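Novice: This is final.txt, which holds compact mmCIF, C-alpha atoms:
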```txt
# COMPACT_ATOMS: atom_id res chain seq x y z
CA MET Z 1 -9.69 14.98 1.66
CA ALA Z 2 -6.00 15.46 0.86
CA ASN Z 3 -5.17 13.07 3.68
CA LEU Z 4 -7.45 10.43 2.17
CA ILE Z 5 -5.78 10.83 -1.24
CA PHE Z 6 -2.37 10.50 0.43
CA TYR Z 7 -3.26 7.20 2.10
CA VAL Z 8 -4.85 5.82 -1.08
CA MET Z 9 -1.76 6.78 -3.09
CA ALA Z 10 0.57 5.32 -0.47
CA LEU Z 11 -1.39 2.06 -0.69
CA VAL Z 12 -1.21 2.14 -4.50
CA ALA Z 13 2.55 2.77 -4.40
CA VAL Z 14 3.20 -0.11 -1.99
CA VAL Z 15 0.92 -2.59 -3.80
CA ALA Z 16 2.51 -1.65 -7.13
CA ALA Z 17 5.96 -2.14 -5.59
CA LEU Z 18 4.90 -5.63 -4.51
CA GLY Z 19 3.77 -6.17 -8.09
CA VAL Z 20 7.23 -5.20 -9.38
CA VAL Z 21 8.83 -7.84 -7.17
CA SER Z 22 6.32 -10.63 -7.79
CA ALA Z 23 5.40 -10.26 -11.48
CA ARG Z 24 6.63 -13.15 -13.65
CA ASN Z 25 6.72 -11.12 -16.83
CA PRO Z 26 9.24 -8.24 -16.80
CA MET Z 27 6.79 -6.19 -18.85
CA MET Z 28 4.30 -6.42 -15.97
CA SER Z 29 7.06 -5.32 -13.59
CA ILE Z 30 7.61 -2.21 -15.72
CA LEU Z 31 3.91 -1.33 -15.68
CA ALA Z 32 3.74 -1.85 -11.92
CA LEU Z 33 6.83 0.34 -11.47
CA LEU Z 34 5.16 3.02 -13.59
CA THR Z 35 2.09 2.90 -11.36
CA SER Z 36 4.28 3.17 -8.28
CA PHE Z 37 6.12 6.20 -9.69
CA PHE Z 38 2.89 7.99 -10.54
CA ALA Z 39 1.52 7.34 -7.06
CA LEU Z 40 4.77 8.69 -5.60
CA ALA Z 41 4.51 11.79 -7.79
CA THR Z 42 1.03 12.38 -6.38
CA ILE Z 43 2.41 12.03 -2.87
CA TYR Z 44 5.15 14.58 -3.68
CA LEU Z 45 2.49 16.96 -4.98
CA LEU Z 46 0.38 16.56 -1.86
CA ALA Z 47 3.41 17.08 0.38
CA GLY Z 48 4.12 20.42 -1.31
CA PHE Z 49 6.82 19.53 -3.86
CA GLN Z 50 5.42 20.56 -7.23
CA THR Z 51 8.74 20.73 -9.07
CA LEU Z 52 9.89 17.37 -7.79
CA ALA Z 53 6.56 15.80 -8.79
CA ALA Z 54 7.01 17.10 -12.32
CA VAL Z 55 10.63 15.92 -12.44
CA GLN Z 56 9.58 12.53 -11.11
CA ILE Z 57 7.13 12.04 -13.98
CA LEU Z 58 9.36 13.59 -16.65
CA VAL Z 59 12.58 11.81 -15.74
CA TYR Z 60 11.46 8.56 -14.15
CA ALA Z 61 8.30 7.73 -16.09
CA GLY Z 62 9.40 9.57 -19.21
CA ALA Z 63 13.04 8.61 -19.54
CA ILE Z 64 14.19 5.84 -17.22
CA LEU Z 65 11.20 3.53 -17.62
CA VAL Z 66 11.23 4.02 -21.39
CA LEU Z 67 14.87 2.94 -21.30
CA PHE Z 68 13.89 -0.24 -19.42
CA LEU Z 69 11.00 -0.86 -21.82
CA PHE Z 70 13.31 -0.31 -24.77
CA VAL Z 71 15.81 -2.89 -23.51
CA ILE Z 72 13.11 -5.46 -22.77
CA MET Z 73 11.65 -5.07 -26.24
CA LEU Z 74 15.12 -5.04 -27.83
CA LEU Z 75 16.09 -8.31 -26.15
CA ASN Z 76 12.60 -9.76 -26.70
CA LEU Z 77 12.39 -10.94 -23.10
CA ALA Z 78 8.66 -10.55 -22.69
CA ASP Z 79 7.97 -14.21 -23.47
CA VAL Z 80 10.93 -16.01 -21.94
CA LYS Z 81 9.06 -18.69 -20.03
CA PRO Z 82 11.91 -20.80 -18.53
CA LEU Z 83 13.39 -17.75 -16.85
CA ALA Z 84 10.06 -16.94 -15.25
CA ARG Z 85 9.90 -20.49 -13.91
CA ILE Z 86 13.40 -20.25 -12.37
CA ASP Z 87 12.42 -16.96 -10.82
CA LEU Z 88 9.35 -18.44 -9.22
CA VAL Z 89 11.15 -21.50 -7.86
CA LEU Z 90 13.55 -19.22 -6.00
CA PHE Z 91 10.73 -17.95 -3.85
CA HIS Z 92 10.64 -21.37 -2.15
CA GLU Z 93 14.35 -21.54 -1.39
CA ARG Z 94 15.76 -21.14 2.07
CA LYS Z 95 17.42 -17.94 0.91
CA ALA Z 96 13.96 -16.47 0.51
CA ILE Z 97 13.34 -16.81 4.25
CA TRP Z 98 16.54 -14.96 5.09
CA THR Z 99 15.72 -12.29 2.57
CA MET Z 100 12.29 -11.81 4.07
CA LEU Z 101 13.89 -11.64 7.50
CA VAL Z 102 16.38 -8.97 6.43
CA ALA Z 103 13.76 -6.95 4.56
CA GLY Z 104 11.34 -7.29 7.45
CA SER Z 105 13.88 -6.06 9.98
CA LEU Z 106 14.79 -3.16 7.67
CA LEU Z 107 11.11 -2.27 7.59
CA GLY Z 108 10.82 -2.69 11.33
CA ILE Z 109 13.79 -0.41 12.04
CA GLY Z 110 12.53 2.17 9.56
CA ALA Z 111 9.00 2.19 10.92
CA PHE Z 112 10.22 2.26 14.53
CA VAL Z 113 12.51 5.21 13.92
CA ALA Z 114 9.81 7.01 11.93
CA LEU Z 115 7.12 6.54 14.56
CA GLN Z 116 9.29 7.07 17.65
CA ALA Z 117 11.97 9.57 16.75
CA VAL Z 118 10.25 11.91 14.33
CA PRO Z 119 8.78 14.82 16.25
CA VAL Z 120 5.08 15.43 15.74
CA VAL Z 121 4.82 18.88 14.19
CA ALA Z 122 1.86 18.43 11.90
CA ALA Z 123 -0.78 18.74 14.59
CA SER Z 124 -0.49 22.53 14.61
CA ALA Z 125 0.76 22.71 11.05
CA PRO Z 126 1.56 26.19 9.81
CA ALA Z 127 0.63 26.79 6.20
CA LEU Z 128 3.18 25.87 3.57
CA PRO Z 129 4.31 28.66 1.23
CA ASP Z 130 2.00 29.21 -1.73
CA GLN Z 131 4.45 28.09 -4.38
CA GLY Z 132 5.17 24.88 -2.44
CA ILE Z 133 8.40 24.02 -0.67
CA ASP Z 134 10.46 23.71 -3.83
CA GLY Z 135 9.48 26.74 -5.86
CA LEU Z 136 11.39 26.60 -9.12
CA GLN Z 137 13.13 29.94 -8.57
CA ALA Z 138 14.26 29.14 -5.04
CA LEU Z 139 15.43 25.73 -6.21
CA ALA Z 140 17.41 27.22 -9.10
CA ASP Z 141 18.94 29.89 -6.84
CA ALA Z 142 20.16 27.23 -4.42
CA MET Z 143 21.33 24.90 -7.19
CA PHE Z 144 23.47 27.52 -8.92
CA SER Z 145 24.95 29.14 -5.82
CA ARG Z 146 25.38 26.93 -2.82
CA TYR Z 147 25.23 23.60 -4.68
CA LEU Z 148 27.18 24.67 -7.78
CA LEU Z 149 30.09 22.29 -7.16
CA PRO Z 150 27.94 19.14 -6.86
CA PHE Z 151 26.02 20.31 -9.91
CA GLU Z 152 29.24 20.48 -11.92
CA ALA Z 153 30.37 17.13 -10.53
CA VAL Z 154 27.09 15.61 -11.70
CA SER Z 155 27.59 17.02 -15.18
CA VAL Z 156 31.02 15.36 -15.32
CA LEU Z 157 29.39 12.13 -14.12
CA LEU Z 158 26.82 12.33 -16.92
CA LEU Z 159 29.55 12.83 -19.50
CA ALA Z 160 31.51 9.87 -18.13
CA THR Z 161 28.34 7.77 -18.21
CA ALA Z 162 27.66 8.64 -21.84
CA VAL Z 163 31.17 7.49 -22.77
CA ALA Z 164 30.92 4.37 -20.59
CA VAL Z 165 27.59 3.30 -22.07
CA LEU Z 166 28.93 3.81 -25.56
CA VAL Z 167 31.94 1.63 -24.81
CA LEU Z 168 29.86 -1.07 -23.10
CA ALA Z 169 27.11 -1.39 -25.67
CA LYS Z 170 29.22 -1.04 -28.80
CA ARG Z 171 30.06 -4.16 -30.77
CA LYS Z 172 33.69 -5.18 -30.86
CA ARG Z 173 35.43 -4.04 -34.02
CA GLY Z 174 35.58 -6.97 -36.44
CA GLY Z 175 33.34 -9.03 -34.16
CA ALA Z 176 30.23 -10.93 -35.15
CA ARG Z 177 28.40 -8.92 -37.82
CA MET W 1 -2.51 17.76 3.64
CA SER W 2 -2.00 17.33 7.38
CA VAL W 3 -0.49 13.86 7.43
CA PRO W 4 2.21 13.57 10.11
CA PRO W 5 5.73 13.33 8.56
CA SER W 6 6.29 9.97 10.24
CA HIS W 7 3.70 8.36 7.94
CA LEU W 8 5.71 9.49 4.93
CA PHE W 9 8.78 7.85 6.48
CA VAL W 10 6.81 4.64 7.02
CA VAL W 11 5.80 4.56 3.36
CA ALA W 12 9.47 5.10 2.43
CA ALA W 13 10.53 2.24 4.73
CA LEU W 14 7.91 -0.04 3.16
CA LEU W 15 9.04 0.77 -0.38
CA PHE W 16 12.71 0.34 0.56
CA SER W 17 12.21 -3.06 2.18
CA ILE W 18 10.11 -4.31 -0.75
CA GLY W 19 12.86 -3.17 -3.11
CA ALA W 20 15.55 -4.84 -0.99
CA ALA W 21 13.61 -8.11 -0.87
CA GLY W 22 13.18 -8.05 -4.63
CA PHE W 23 16.86 -7.28 -5.11
CA PHE W 24 17.84 -10.46 -3.31
CA LEU W 25 15.01 -12.69 -4.52
CA ARG W 26 14.76 -12.05 -8.21
CA ARG W 27 17.14 -13.54 -10.76
CA ASN W 28 16.23 -11.46 -13.80
CA VAL W 29 18.84 -8.71 -14.12
CA ILE W 30 16.33 -6.19 -15.43
CA VAL W 31 13.95 -6.76 -12.53
CA VAL W 32 16.90 -6.44 -10.11
CA LEU W 33 17.68 -3.03 -11.67
CA MET W 34 14.04 -2.05 -11.25
CA CYS W 35 14.25 -2.99 -7.57
CA ILE W 36 17.24 -0.64 -7.23
CA GLU W 37 15.13 2.13 -8.77
CA LEU W 38 12.45 1.34 -6.21
CA MET W 39 14.94 1.69 -3.35
CA LEU W 40 16.26 4.99 -4.74
CA ASN W 41 12.69 6.25 -4.89
CA ALA W 42 12.20 5.32 -1.26
CA ALA W 43 15.32 7.33 -0.40
CA ASN W 44 13.91 10.26 -2.35
CA LEU W 45 10.63 10.06 -0.50
CA SER W 46 12.38 10.18 2.85
CA PHE W 47 14.54 13.16 1.76
CA LEU W 48 11.36 15.00 0.83
CA ALA W 49 9.58 13.95 4.01
CA ALA W 50 12.49 15.33 6.07
CA SER W 51 12.42 18.56 4.07
CA ARG W 52 8.68 18.91 4.67
CA MET W 53 9.18 18.21 8.37
CA HIS W 54 11.84 20.95 8.67
CA THR W 55 9.74 23.39 6.66
CA LEU W 56 6.78 22.86 8.96
CA ALA W 57 8.96 23.09 12.05
CA HIS W 58 10.38 26.45 10.93
CA GLY W 59 7.02 28.06 10.29
CA GLY W 60 6.86 27.61 6.53
CA GLN W 61 10.42 28.75 5.75
CA PRO W 62 11.24 26.43 2.80
CA ASP W 63 13.97 23.89 3.46
CA LEU W 64 15.67 23.26 0.12
CA GLN W 65 18.25 20.64 1.05
CA GLY W 66 15.74 17.81 0.66
CA PRO W 67 14.55 18.69 -2.86
CA ILE W 68 18.13 19.38 -4.03
CA PHE W 69 19.33 16.03 -2.74
CA ALA W 70 16.31 14.34 -4.31
CA LEU W 71 17.20 15.91 -7.65
CA PHE W 72 20.75 14.59 -7.39
CA VAL W 73 19.43 11.14 -6.48
CA ILE W 74 17.23 11.20 -9.59
CA VAL W 75 20.28 12.01 -11.72
CA ILE W 76 22.25 9.18 -10.11
CA ALA W 77 19.32 6.83 -10.72
CA ALA W 78 19.28 7.76 -14.40
CA VAL W 79 23.04 7.19 -14.67
CA GLU W 80 22.78 3.87 -12.88
CA ALA W 81 19.94 2.70 -15.12
CA ALA W 82 21.86 3.66 -18.26
CA VAL W 83 25.05 1.83 -17.22
CA GLY W 84 23.12 -1.16 -15.86
CA LEU W 85 21.08 -1.59 -19.02
CA ALA W 86 24.20 -1.26 -21.18
CA LEU W 87 25.71 -4.08 -19.11
CA VAL W 88 22.53 -6.12 -19.63
CA ILE W 89 22.80 -5.65 -23.39
CA ALA W 90 26.48 -6.65 -23.36
CA LEU W 91 25.63 -9.68 -21.21
CA TYR W 92 22.81 -10.76 -23.50
CA ARG W 93 25.00 -10.36 -26.57
CA ASN W 94 27.73 -12.56 -25.09
CA LYS W 95 25.69 -15.22 -23.27
CA GLN W 96 22.11 -14.94 -24.55
CA THR W 97 20.77 -14.79 -21.01
CA VAL W 98 19.63 -12.26 -18.44
CA SER W 99 19.54 -14.68 -15.52
CA LEU W 100 21.97 -13.91 -12.70
CA ASP W 101 22.29 -17.65 -11.97
CA GLU W 102 24.01 -18.24 -15.28
CA VAL W 103 26.67 -15.58 -14.80
CA ALA W 104 28.28 -16.78 -11.55
CA GLU W 105 31.78 -17.42 -12.91
CA LEU W 106 33.39 -15.26 -10.25
CA LYS W 107 31.78 -17.34 -7.53
CA ASP W 108 33.07 -20.77 -8.59
```
Is it possible to give me this structure as structure tokens?
Specialist:
Amino acid sequence: MANLIFYVMALVAVVAALGVVSARNPMMSILALLTSFFALATIYLLAGFQTLAAVQILVYAGAILVLFLFVIMLLNLADVKPLARIDLVLFHERKAIWTMLVAGSLLGIGAFVALQAVPVVAASAPALPDQGIDGLQALADAMFSRYLLPFEAVSVLLLATAVAVLVLAKRKRGGAR
Amino acid sequence: MSVPPSHLFVVAALLFSIGAAGFFLRRNVIVVLMCIELMLNAANLSFLAASRMHTLAHGGQPDLQGPIFALFVIVIAAVEAAVGLALVIALYRNKQTVSLDEVAELKD
């Protein structure tokens, strides 16, 4: 049963990802991306990563996608028709063929490595721990002991980002309005 | 769930290549940023698949490197989205467009 749900969710995630790339309206892309993220969160849950599934929904669906949605609504892009037309024309260019070729070979390499080089261990799968692989306490213990330095580096990065975004999005002093 | 880890990697490869194709094909800056998010998610999925594989191989002893890296990738994705969208807003304010074709001054 869990296997069936995994394959259904994998299909949903991939189809939604195709929707992100092919939708004409950016709003539709956002909704497709949301679907893809939820399907991925389900996959995380099935694979034994409860905390990461929660973080995926909280941070990605809750924060990042809302940021995208906010910008699209702020710029009122939902009904920019000429842009959509330009976008669609590009699918017929010669560049599109090369892109498909590159993406296809990426997929081919990835699938080949996954199917050939990854050892098959699931056949006699031992049970996963009850609290999943990423129990919150174990995760926190690792984060604040062994990975403390990267954690601090990330906090500096977040601070720098806050300043950078402020500088980028602020109007020039004495500029228009 | 008893899906072999390789199938998780295949899903990650699919998502990554779709995101890469969209990155090169689309001309709307916001959709390009979304494709980057898609690729980062594929990277996350393969981190977690590797972690699951190692956990299973070591008899259920949790392997935490995958989840920790995935958390860091999520933070980087949030940072990237924030800076990217601030750039989009600045671009729209200065040129009233979000099409990458109309901001190719560095090319010509």
Novice: Just checking: using only C-alpha atoms, which residue out of Z:Leu149, Z:Ala162, Z:Ile133, Z:Ile97 ends up closest to chain W?
Specialist: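 Of the candidates, the smallest distance to chain W is held by Z:Ile133.
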Novice: Kindly determine which residues of chain W lie within 6 Å of chain Z, considering all atoms listed in the file, and give the answer as a list in words.
Specialist: Met1, Pro4, Ser6, Phe9, Val10, Ala13, Leu14, Ser17, Ala21, Gly22, Arg27, Gly59, Gly60, Pro62, Val83, Ala86 and Ala90 of chain W
Novice: Give the answer as one residue: which of W:Leu15, W:Leu56, W:Leu33, W:Leu25 has the shortest atom-to-atom distance to Ala81 (chain W), using only C-alpha atoms?
Specialist: W:Leu33
Novice: Taking (13.9, 7.8, 0.9) in the file's coordinates, which residues come within 9 Å, counting only C-alpha atoms, written as an mmCIF file with C-alpha atoms, in the frame of the given file?
Specialist:
```cif
data_model
loop_
_atom_site.group_PDB
_atom_site.id
_atom_site.type_symbol
_atom_site.label_atom_id
_atom_site.label_comp_id
_atom_site.auth_asym_id
_atom_site.auth_seq_id
_atom_site.Cartn_x
_atom_site.Cartn_y
_atom_site.Cartn_z
ATOM 1 C CA PHE W 9 8.780 7.850 6.480
ATOM 2 C CA ALA W 12 9.470 5.100 2.430
ATOM 3 C CA ALA W 13 10.530 2.240 4.730
ATOM 4 C CA LEU W 15 9.040 0.770 -0.380
ATOM 5 C CA PHE W 16 12.710 0.340 0.560
ATOM 6 C CA MET W 39 14.940 1.690 -3.350
ATOM 7 C CA LEU W 40 16.260 4.990 -4.740
ATOM 8 C CA ASN W 41 12.690 6.250 -4.890
ATOM 9 C CA ALA W 42 12.200 5.320 -1.260
ATOM 10 C CA ALA W 43 15.320 7.330 -0.400
ATOM 11 C CA ASN W 44 13.910 10.260 -2.350
ATOM 12 C CA LEU W 45 10.630 10.060 -0.500
ATOM 13 C CA SER W 46 12.380 10.180 2.850
ATOM 14 C CA PHE W 47 14.540 13.160 1.760
ATOM 15 C CA LEU W 48 11.360 15.000 0.830
ATOM 16 C CA ALA W 49 9.580 13.950 4.010
ATOM 17 C CA ALA W 70 16.310 14.340 -4.310
#
```
Novice: Give me, please, the distance in Å between CA of Gln137 (chain Z) and CA of Ile76 (chain W), quoted to one decimal.
Specialist: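 These atoms are spaced 22.7 Å apart.
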Novice: Between CA of Ala50 (chain W) and CA of Pro67 (chain W), what is the distance in Å, rounded to a tenth?
Specialist: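 Straight-line distance from CA of Ala50 (chain W) to CA of Pro67 (chain W) works out to 9.8 Å.
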Novice: Please, what distance in Å, to one decimal, runs between CA of Lys107 (chain W) and CA of Asn28 (chain W)?
Specialist: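 Atom-to-atom, CA of Lys107 (chain W) to CA of Asn28 (chain W), that is 17.8 Å.
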Novice: Which centre and edge lengths in Å to one decimal define the box along x, y and z that fits every listed atom of region 40-49 of chain W plus 5 Å per side, as AutoDock Vina command-line options?
Specialist:
```
--center_x 12.9 --center_y 10.0 --center_z -0.4 --size_x 16.7 --size_y 20.0 --size_z 18.9
```
